[in-house]
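Engineer: Let me give you the structure first, and then I'll get to my questions.
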Amino acid sequence: MAENDFLAMLAEGGYQVGELAKYRYPDGIEIISKKHDEAEALTNEQLRKENVVLFEPAIRINNFFIRIDVLVKRGNDFELIEVKAKSYNPLDPKMRGSRGGITSSMLPYLQDVAFQKWVLQQAFPQSSIKTFLMMPNKTKSATVDRVNQMFKYSRTEGVISRIPEGLDIKTLAEHLLEKVSADEFTDEILNTDLKFPFDKKPLNEAAVEWANAYANDIKIAPHAHKDCGKCQFKTTLDDELKSGFHECWKEANAWNDQDFKNGTVLDLWHCKRKEKLINQGLLKLSQIQPEDLMDDPAASMVDGLSRAQRQVLQLGNIPADFDQGGFFFNTAFFKNEMKNWKYPYHMIDFETAMAALPFHDGMKPYEAVAFQFSHHTIEADGTVKHAGEFICAEPGDFPNYKFARALKKELENDNGTTFMWSHHENTILTTIAKQISEDPNAPADAEGLITFIYSITKDGDREMYDLCWLAEKTFFHPDTKASTSIKKVLPAMLKVSQKLKNIYSQPIYGAPNGIKSINFASQEGFRWLNDNGQGDPYAILKQYAKDAMPEGFEDSDEDETSIIAEGGAAATAYSRLQFEDLEDEARTRIISALLRYCELDTLAMVMIMQGWQSFINI
Ligand code: SF4
């Protein structure tokens with residue numbers, strides 16, 4: 001398995017759910033071989049039996065080959081079960097949307113099951129097939145501790161199950177995993193046209209056509225469409241690897257490399273009109289006009305940028321009133337917001353994960369886990385320091401209450417404003433407050449923790465301030481492509497703020513008389529920028545993130561598919577610490593990388609704040 005697939009599997013908890021699912025069928029036989037022919041032969045041998053349960057059986061018919069998660073055969077009756085590491089709430093299944101159609105979040109899973117049913121039916125025309133999804137039931141609480149530590153992953157041995165002696169694992173698996181009938185949906189999918197860009201046809205016709213093209217190496221003519229923005233075959237034009245995306249768009253639009261140079265419609269930030277623009281033949285940013293993006297292009301920007309206005313700025317016209325030299329900054333808006341802030345400023349950032357299977361007795365699948373935070377402060381006189389941090393990644397140790405306690409200790413000493421980047425921190429803290437209040441074994445300081453959380457979350461008297469929202473309203477630099485990701489905003493700020501260049505090209509970070517740092521402390525001090533004030537701390541951060549990954553890990557250069565750019569590096573590293581059988585040295589290396597990684601995230605918030613303040617001469 002490729003490293004990236006391995007990491008995705010670990011982070012999603014899919015292998016854990018898959019392993020637990022097997023315990024629902026104690027007599028099940030696993031078809032282990034990865035070789036198509038061998039797996040098919042072993043499957044056929046088993047299917048000669050009247051009754052049998054198979055894990056991963058291989059079915060081949062014509063050009064089609066499938067591996068089914070669980071196949072139950074009772075004479076001529078089959079149950080085809082697809083196991084998914086996706087949380088399911090039977091009280092609110094979200095299988096259908098408000099207009100009655102299958103929801104977009106469930107459609108790919110159900111299409112997958114429908115396709116498998118179609119193949120199996122051809123292989124066994126006389127059989128009757130029922131289809132199911134099996135998913136963790138998020139309304140069910142674990143009845144024992146440490147369910148998520150029962151299935152570890154070893155590079156050499158694969159999944160290692162450690163089921164406590166005497167535990168009725170079959171009953172536990174039936175309790176936590178819901179078997180949901182999918183027949184209604186698979187029938188609908190097989191009886192209606194499959195929609196894909198610029199066409200639709202029945203699934204069986206499309207499958208035959210595409211399989212035929214694949215078998216005979218026939219290229220299917222590409223079409224430019226909005227989902228090409230998430231193309232999984234995309235890399236940069238100068239990469240030595242081929243970029244499928246660029247190949248498709250060149251062929252579909254008769255383009256050459258130059259046509260991509262000034263951006264395409266796919267670069268438009270949070271734009272819901274992409275499909276319409278593409279249908280109008282407006283594929284390059286240079287072809288798009290402000291009125292194509294918003295109904296009132298003359299609307300004022302004084303009260304903060306709307307999303308459509310950010311898209312208009314992407315077209316290249318920064319209004320003179322706000323043009324600070326090739327970038328947009330709304331000083332009046334910033335000053336107004338600043339009036340409500342109090343020193344010391346607290347910059348906080350959380351690293352969190354979701355555990356597919358519960359940590360403790362009483363907990364449910366997919367509860368949020370807050371395992372790390374970092375905290376920087378800025379005093380009224382401009383003094384910056386890395387004030388504190390927390391990490392708890394011991395296998396099986398549920399960190400949330402310790403996390404909330406440590407955060408309270410960091411913030412309760414003054415009444416300064418606490419800043420977050422986007423509302424994730426707010427969501428996580430309210431989740432922890434709920435976990436504490438619903439916990440029959442809540443800690444002794446539960447009341448104090450809940451009071452503290454409510455004081456700094458939405459509508460609390462010390463509600464956290466969202467700097468990402470402020471970035472959206474007040475700052476735009478063309479390099480960010482309108483994104484408000486901190487990983488895009490920081491390099492742009494470093495490019496335009498002389499104050500930041502002056503501070504961070506000095507070796508002061510972590511130096512004895514410089515900026516106090518917990519993880520970068522040294523006699524010489526650390527410098528984030530070179531003599532010319534250039535550099536990207538996130539390129540350094542990327543290295544720390546890579547240090548937390550296994551050897552051989554290659555991150556994607558494209559933000560949409562990059563584990564690191566998407567902020568998944570810490571959660572993935574945490575999954576490794578929880579579920580992978582690791583040597584102590586590897587564990588120490590990952591934790592050290594996580595600490596530096598998170599410290600830079602709050603330092604980035606400090607830098608951005610310092611840069612913005614420099615625009616109003618603070
Ligand atoms: S660019 Fe990617 S998503 Fe678009 S048609 Fe080509 S392969 Fe498909």
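Ligands are numbered from 1 in the order shown, chains are lettered A, B, ... in the order of the structure tokens, and residues start at 1 in each chain.
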Please list as a tab-separated table (two decimals) with C-alpha atoms, in the first residue's frame every residue within 8 Å of range 537-540 of chain A, counting only C-alpha atoms and excluding residues in the same chain fewer than 5 positions away.

Structural biologist:
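File around_31.tsv, as written:
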```tsv
chain	number	residue	atom	x	y	z
A	487	LYS	CA	-1.02	29.21	5.08
A	491	PRO	CA	3.40	34.39	3.05
A	528	TRP	CA	12.29	32.76	9.84
A	529	LEU	CA	13.38	34.97	6.93
A	600	LEU	CA	4.28	27.96	14.23
```

Engineer: Could you tell me, counting only C-alpha atoms and all ligand atoms, which protein and nucleic acid residues lie no more than 8 Å from ligand 1, written as a ChimeraX atom specification?

Structural biologist: /A:222-234,244-249

Engineer: Could you write those residues out with N, CA and C atoms, as a compact mmCIF listing (two decimals), in the first residue's frame?

Structural biologist:
```
# COMPACT_ATOMS: atom_id res chain seq x y z
N PRO A 222 -12.11 14.39 -23.06
CA PRO A 222 -12.37 15.15 -21.83
C PRO A 222 -13.29 16.35 -22.06
N HIS A 223 -13.95 16.77 -20.99
CA HIS A 223 -14.76 17.99 -21.01
C HIS A 223 -14.33 18.85 -19.84
N ALA A 224 -14.19 20.15 -20.06
CA ALA A 224 -13.88 21.04 -18.94
C ALA A 224 -15.15 21.19 -18.11
N HIS A 225 -15.05 20.96 -16.82
CA HIS A 225 -16.21 21.15 -15.95
C HIS A 225 -15.75 21.59 -14.57
N LYS A 226 -16.71 22.03 -13.76
CA LYS A 226 -16.33 22.67 -12.49
C LYS A 226 -15.58 21.71 -11.56
N ASP A 227 -15.91 20.44 -11.61
CA ASP A 227 -15.26 19.50 -10.70
C ASP A 227 -13.80 19.22 -11.08
N CYS A 228 -13.37 19.72 -12.24
CA CYS A 228 -11.95 19.57 -12.60
C CYS A 228 -11.07 20.30 -11.58
N GLY A 229 -11.66 21.24 -10.84
CA GLY A 229 -10.91 21.94 -9.79
C GLY A 229 -10.41 20.98 -8.73
N LYS A 230 -11.11 19.85 -8.58
CA LYS A 230 -10.69 18.87 -7.57
C LYS A 230 -10.06 17.65 -8.24
N CYS A 231 -9.61 17.82 -9.47
CA CYS A 231 -9.07 16.69 -10.22
C CYS A 231 -7.93 16.03 -9.45
N GLN A 232 -8.00 14.72 -9.33
CA GLN A 232 -6.97 14.01 -8.56
C GLN A 232 -5.72 13.74 -9.38
N PHE A 233 -5.74 14.13 -10.66
CA PHE A 233 -4.57 13.89 -11.52
C PHE A 233 -3.88 15.22 -11.85
N LYS A 234 -3.95 16.14 -10.89
CA LYS A 234 -3.43 17.47 -11.17
C LYS A 234 -2.09 17.69 -10.47
N GLY A 244 -2.67 15.27 -15.50
CA GLY A 244 -3.86 14.87 -16.25
C GLY A 244 -4.78 16.06 -16.46
N PHE A 245 -4.88 16.89 -15.41
CA PHE A 245 -5.76 18.07 -15.50
C PHE A 245 -5.35 18.94 -16.69
N HIS A 246 -4.05 19.27 -16.78
CA HIS A 246 -3.61 20.16 -17.86
C HIS A 246 -3.79 19.49 -19.22
N GLU A 247 -3.56 18.18 -19.24
CA GLU A 247 -3.76 17.44 -20.50
C GLU A 247 -5.22 17.56 -20.96
N CYS A 248 -6.14 17.31 -20.02
CA CYS A 248 -7.57 17.37 -20.36
C CYS A 248 -7.97 18.76 -20.84
N TRP A 249 -7.57 19.78 -20.08
CA TRP A 249 -8.02 21.13 -20.43
C TRP A 249 -7.40 21.62 -21.73
```

Engineer: What's around Ser614 in chain A at 10 Å? Count only C-alpha atoms, leave out sequence neighbours fewer than 5 positions away in its own chain, and write the answer as a PyMOL selection string.

Structural biologist: chain A and resi 497-500+608-609

Engineer: Can I get the selected residues back with N, CA and C atoms, as a PDB file, in the first residue's frame?

Structural biologist:
```
ATOM      1  N   SER A 497       4.793  43.346   4.340  1.00  0.00           N
ATOM      2  CA  SER A 497       5.000  44.105   5.578  1.00  0.00           C
ATOM      3  C   SER A 497       6.493  44.265   5.882  1.00  0.00           C
ATOM      4  N   GLN A 498       6.952  45.522   5.831  1.00  0.00           N
ATOM      5  CA  GLN A 498       8.370  45.790   6.137  1.00  0.00           C
ATOM      6  C   GLN A 498       8.648  45.484   7.603  1.00  0.00           C
ATOM      7  N   LYS A 499       7.664  45.730   8.454  1.00  0.00           N
ATOM      8  CA  LYS A 499       7.847  45.464   9.884  1.00  0.00           C
ATOM      9  C   LYS A 499       8.158  43.972  10.107  1.00  0.00           C
ATOM     10  N   LEU A 500       7.404  43.115   9.463  1.00  0.00           N
ATOM     11  CA  LEU A 500       7.640  41.673   9.626  1.00  0.00           C
ATOM     12  C   LEU A 500       9.013  41.281   9.092  1.00  0.00           C
ATOM     13  N   ILE A 608       0.766  37.801  11.498  1.00  0.00           N
ATOM     14  CA  ILE A 608      -0.270  38.456  10.693  1.00  0.00           C
ATOM     15  C   ILE A 608      -0.829  39.669  11.447  1.00  0.00           C
ATOM     16  N   MET A 609      -1.066  39.481  12.744  1.00  0.00           N
ATOM     17  CA  MET A 609      -1.560  40.609  13.548  1.00  0.00           C
ATOM     18  C   MET A 609      -0.546  41.761  13.545  1.00  0.00           C
TER      19      MET A 609
END
```

Engineer: Pick the closest to Asp145 in chain A from A:Ile32, A:Ala570, A:Met363, A:Met347: which is it, counting only C-alpha atoms?

Structural biologist: A:Met363

Engineer: Which residues are close to Val180 in chain A, i.e. within 12 Å by only C-alpha atoms, leaving aside same-chain residues fewer than 3 positions away? Reply as a list in words.

Structural biologist: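 Within the cut-off, the hits are Glu79, Leu80, Ile81, Glu82, Val83, Lys84, Tyr88, Asn89, Pro90, Pro93, Met95, Leu110, Lys130, Thr131, Phe132, Leu133, Met134, Met135, Pro136, Asn137, Glu174, Leu177, Asp183, Glu184 and Phe185 of chain A.
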
Engineer: Enumerate the residues of range 476-507 of chain A with a DSSP assignment of alpha helix (DSSP H), computed from the backbone, and present them as a VMD selection string.

Structural biologist: chain A and resid 486 to 496 498 to 504

Engineer: Would you save the residues from that selection as an mmCIF file, in the first residue's frame, using N, CA and C atoms?

Structural biologist:
```
data_model
loop_
_atom_site.group_PDB
_atom_site.id
_atom_site.type_symbol
_atom_site.label_atom_id
_atom_site.label_comp_id
_atom_site.auth_asym_id
_atom_site.auth_seq_id
_atom_site.Cartn_x
_atom_site.Cartn_y
_atom_site.Cartn_z
ATOM 1 N N ILE A 486 -4.670 30.450 6.600
ATOM 2 C CA ILE A 486 -3.516 31.102 7.244
ATOM 3 C C ILE A 486 -2.238 30.774 6.476
ATOM 4 N N LYS A 487 -2.213 29.634 5.837
ATOM 5 C CA LYS A 487 -1.024 29.210 5.084
ATOM 6 C C LYS A 487 -0.860 30.008 3.799
ATOM 7 N N LYS A 488 -1.902 30.687 3.373
ATOM 8 C CA LYS A 488 -1.818 31.575 2.206
ATOM 9 C C LYS A 488 -1.626 33.029 2.655
ATOM 10 N N VAL A 489 -2.311 33.389 3.752
ATOM 11 C CA VAL A 489 -2.262 34.791 4.195
ATOM 12 C C VAL A 489 -0.867 35.144 4.724
ATOM 13 N N LEU A 490 -0.248 34.225 5.484
ATOM 14 C CA LEU A 490 1.052 34.566 6.081
ATOM 15 C C LEU A 490 2.123 34.887 5.028
ATOM 16 N N PRO A 491 2.361 34.029 4.024
ATOM 17 C CA PRO A 491 3.401 34.385 3.047
ATOM 18 C C PRO A 491 3.110 35.713 2.355
ATOM 19 N N ALA A 492 1.829 35.999 2.102
ATOM 20 C CA ALA A 492 1.486 37.273 1.454
ATOM 21 C C ALA A 492 1.821 38.433 2.384
ATOM 22 N N MET A 493 1.522 38.277 3.682
ATOM 23 C CA MET A 493 1.824 39.336 4.645
ATOM 24 C C MET A 493 3.329 39.567 4.759
ATOM 25 N N LEU A 494 4.077 38.488 4.753
ATOM 26 C CA LEU A 494 5.536 38.623 4.852
ATOM 27 C C LEU A 494 6.108 39.338 3.627
ATOM 28 N N LYS A 495 5.409 39.210 2.529
ATOM 29 C CA LYS A 495 5.858 39.863 1.308
ATOM 30 C C LYS A 495 5.635 41.371 1.368
ATOM 31 N N VAL A 496 4.538 41.781 2.038
ATOM 32 C CA VAL A 496 4.166 43.202 1.962
ATOM 33 C C VAL A 496 4.458 44.000 3.229
ATOM 34 N N GLN A 498 6.952 45.522 5.831
ATOM 35 C CA GLN A 498 8.370 45.790 6.137
ATOM 36 C C GLN A 498 8.648 45.484 7.603
ATOM 37 N N LYS A 499 7.664 45.730 8.454
ATOM 38 C CA LYS A 499 7.847 45.464 9.884
ATOM 39 C C LYS A 499 8.158 43.972 10.107
ATOM 40 N N LEU A 500 7.404 43.115 9.463
ATOM 41 C CA LEU A 500 7.640 41.673 9.626
ATOM 42 C C LEU A 500 9.013 41.281 9.092
ATOM 43 N N LYS A 501 9.377 41.857 7.960
ATOM 44 C CA LYS A 501 10.706 41.556 7.387
ATOM 45 C C LYS A 501 11.791 41.956 8.392
ATOM 46 N N ASN A 502 11.624 43.150 8.981
ATOM 47 C CA ASN A 502 12.637 43.635 9.924
ATOM 48 C C ASN A 502 12.760 42.717 11.149
ATOM 49 N N ILE A 503 11.616 42.304 11.676
ATOM 50 C CA ILE A 503 11.664 41.489 12.906
ATOM 51 C C ILE A 503 12.197 40.082 12.608
ATOM 52 N N TYR A 504 11.592 39.437 11.612
ATOM 53 C CA TYR A 504 11.821 37.987 11.485
ATOM 54 C C TYR A 504 13.006 37.599 10.599
#
```

Engineer: Excluding Thr451 in chain A and any residue of its chain fewer than 6 positions from it, enumerate the residues within 12 Å of it, using only C-alpha atoms, and give them as a ChimeraX atom specification.

Structural biologist: /A:404-405,408,412,429-430,432-434,436-437,445,457,460-462

Engineer: Would you put the residues from that selection into a file with N, CA and C atoms, as a compact mmCIF listing (two decimals), in the first residue's frame?

Structural biologist:
```txt
# COMPACT_ATOMS: atom_id res chain seq x y z
N ALA A 404 -9.01 20.90 28.11
CA ALA A 404 -9.82 22.06 28.55
C ALA A 404 -9.23 22.66 29.83
N ARG A 405 -8.76 21.78 30.72
CA ARG A 405 -8.17 22.24 31.99
C ARG A 405 -6.90 23.07 31.72
N LYS A 408 -7.74 26.43 30.18
CA LYS A 408 -8.29 27.34 31.22
C LYS A 408 -7.14 27.98 31.99
N GLU A 412 -7.01 32.05 32.07
CA GLU A 412 -7.83 32.61 33.15
C GLU A 412 -7.11 33.70 33.96
N LEU A 429 -14.54 23.42 21.46
CA LEU A 429 -14.77 23.69 22.89
C LEU A 429 -16.23 23.42 23.28
N THR A 430 -17.16 23.78 22.42
CA THR A 430 -18.56 23.51 22.78
C THR A 430 -18.82 22.00 22.80
N ILE A 432 -16.61 19.78 23.72
CA ILE A 432 -16.05 19.28 24.99
C ILE A 432 -17.00 19.60 26.15
N ALA A 433 -17.58 20.81 26.13
CA ALA A 433 -18.53 21.17 27.20
C ALA A 433 -19.70 20.18 27.22
N LYS A 434 -20.16 19.79 26.02
CA LYS A 434 -21.27 18.83 25.93
C LYS A 434 -20.82 17.45 26.45
N ILE A 436 -18.56 16.84 28.64
CA ILE A 436 -18.45 16.87 30.11
C ILE A 436 -19.85 16.81 30.73
N SER A 437 -20.77 17.62 30.19
CA SER A 437 -22.09 17.69 30.83
C SER A 437 -22.88 16.40 30.69
N ASP A 445 -13.96 18.88 38.57
CA ASP A 445 -13.97 20.30 38.21
C ASP A 445 -14.87 20.59 37.00
N THR A 457 -16.59 30.91 24.39
CA THR A 457 -17.20 30.51 23.12
C THR A 457 -18.34 31.46 22.75
N GLY A 460 -20.37 34.16 24.73
CA GLY A 460 -19.80 34.27 26.08
C GLY A 460 -19.29 35.69 26.31
N ASP A 461 -19.06 36.05 27.60
CA ASP A 461 -18.64 37.43 27.86
C ASP A 461 -17.21 37.69 27.40
N ARG A 462 -16.49 36.64 27.07
CA ARG A 462 -15.11 36.81 26.56
C ARG A 462 -14.96 36.01 25.26
```

Engineer: To one decimal place, how far is CA of Gly416 in chain A from CA of Pro344 in chain A in Å?

Structural biologist: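 Value for the CA of Gly416 in chain A-CA of Pro344 in chain A distance: 4.8 Å.
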
Engineer: Between A:Gln121, A:Gly316, A:Ala41, A:Tyr366, single out the one closest to Ala85 in chain A, counting only C-alpha atoms.

Structural biologist: A:Tyr366

Engineer: Mind the document's chain letters and residue numbers, and return as a PyMOL selection string the residues of range 431-590 of chain A that DSSP labels strand (DSSP E).

Structural biologist: chain A and resi 465-466+475-476

Engineer: Save the residues we just selected, C-alpha atoms, as a JSON list (two decimals), in the first residue's frame?

Structural biologist:
```json
[["chain", "number", "residue", "atom", "x", "y", "z"],
["A", 465, "TYR", "CA", -12.39, 36.53, 18.03],
["A", 466, "ASP", "CA", -12.08, 34.91, 14.60],
["A", 475, "PHE", "CA", -7.36, 41.75, 3.48],
["A", 476, "PHE", "CA", -6.74, 40.52, -0.06]]
```

Engineer: If we count only C-alpha atoms, what is near Thr264 in chain A at a cut-off of 8 Å, once residues fewer than 3 positions away on the same chain are taken out, given as a ChimeraX atom specification?

Structural biologist: /A:260,267-268,283-285
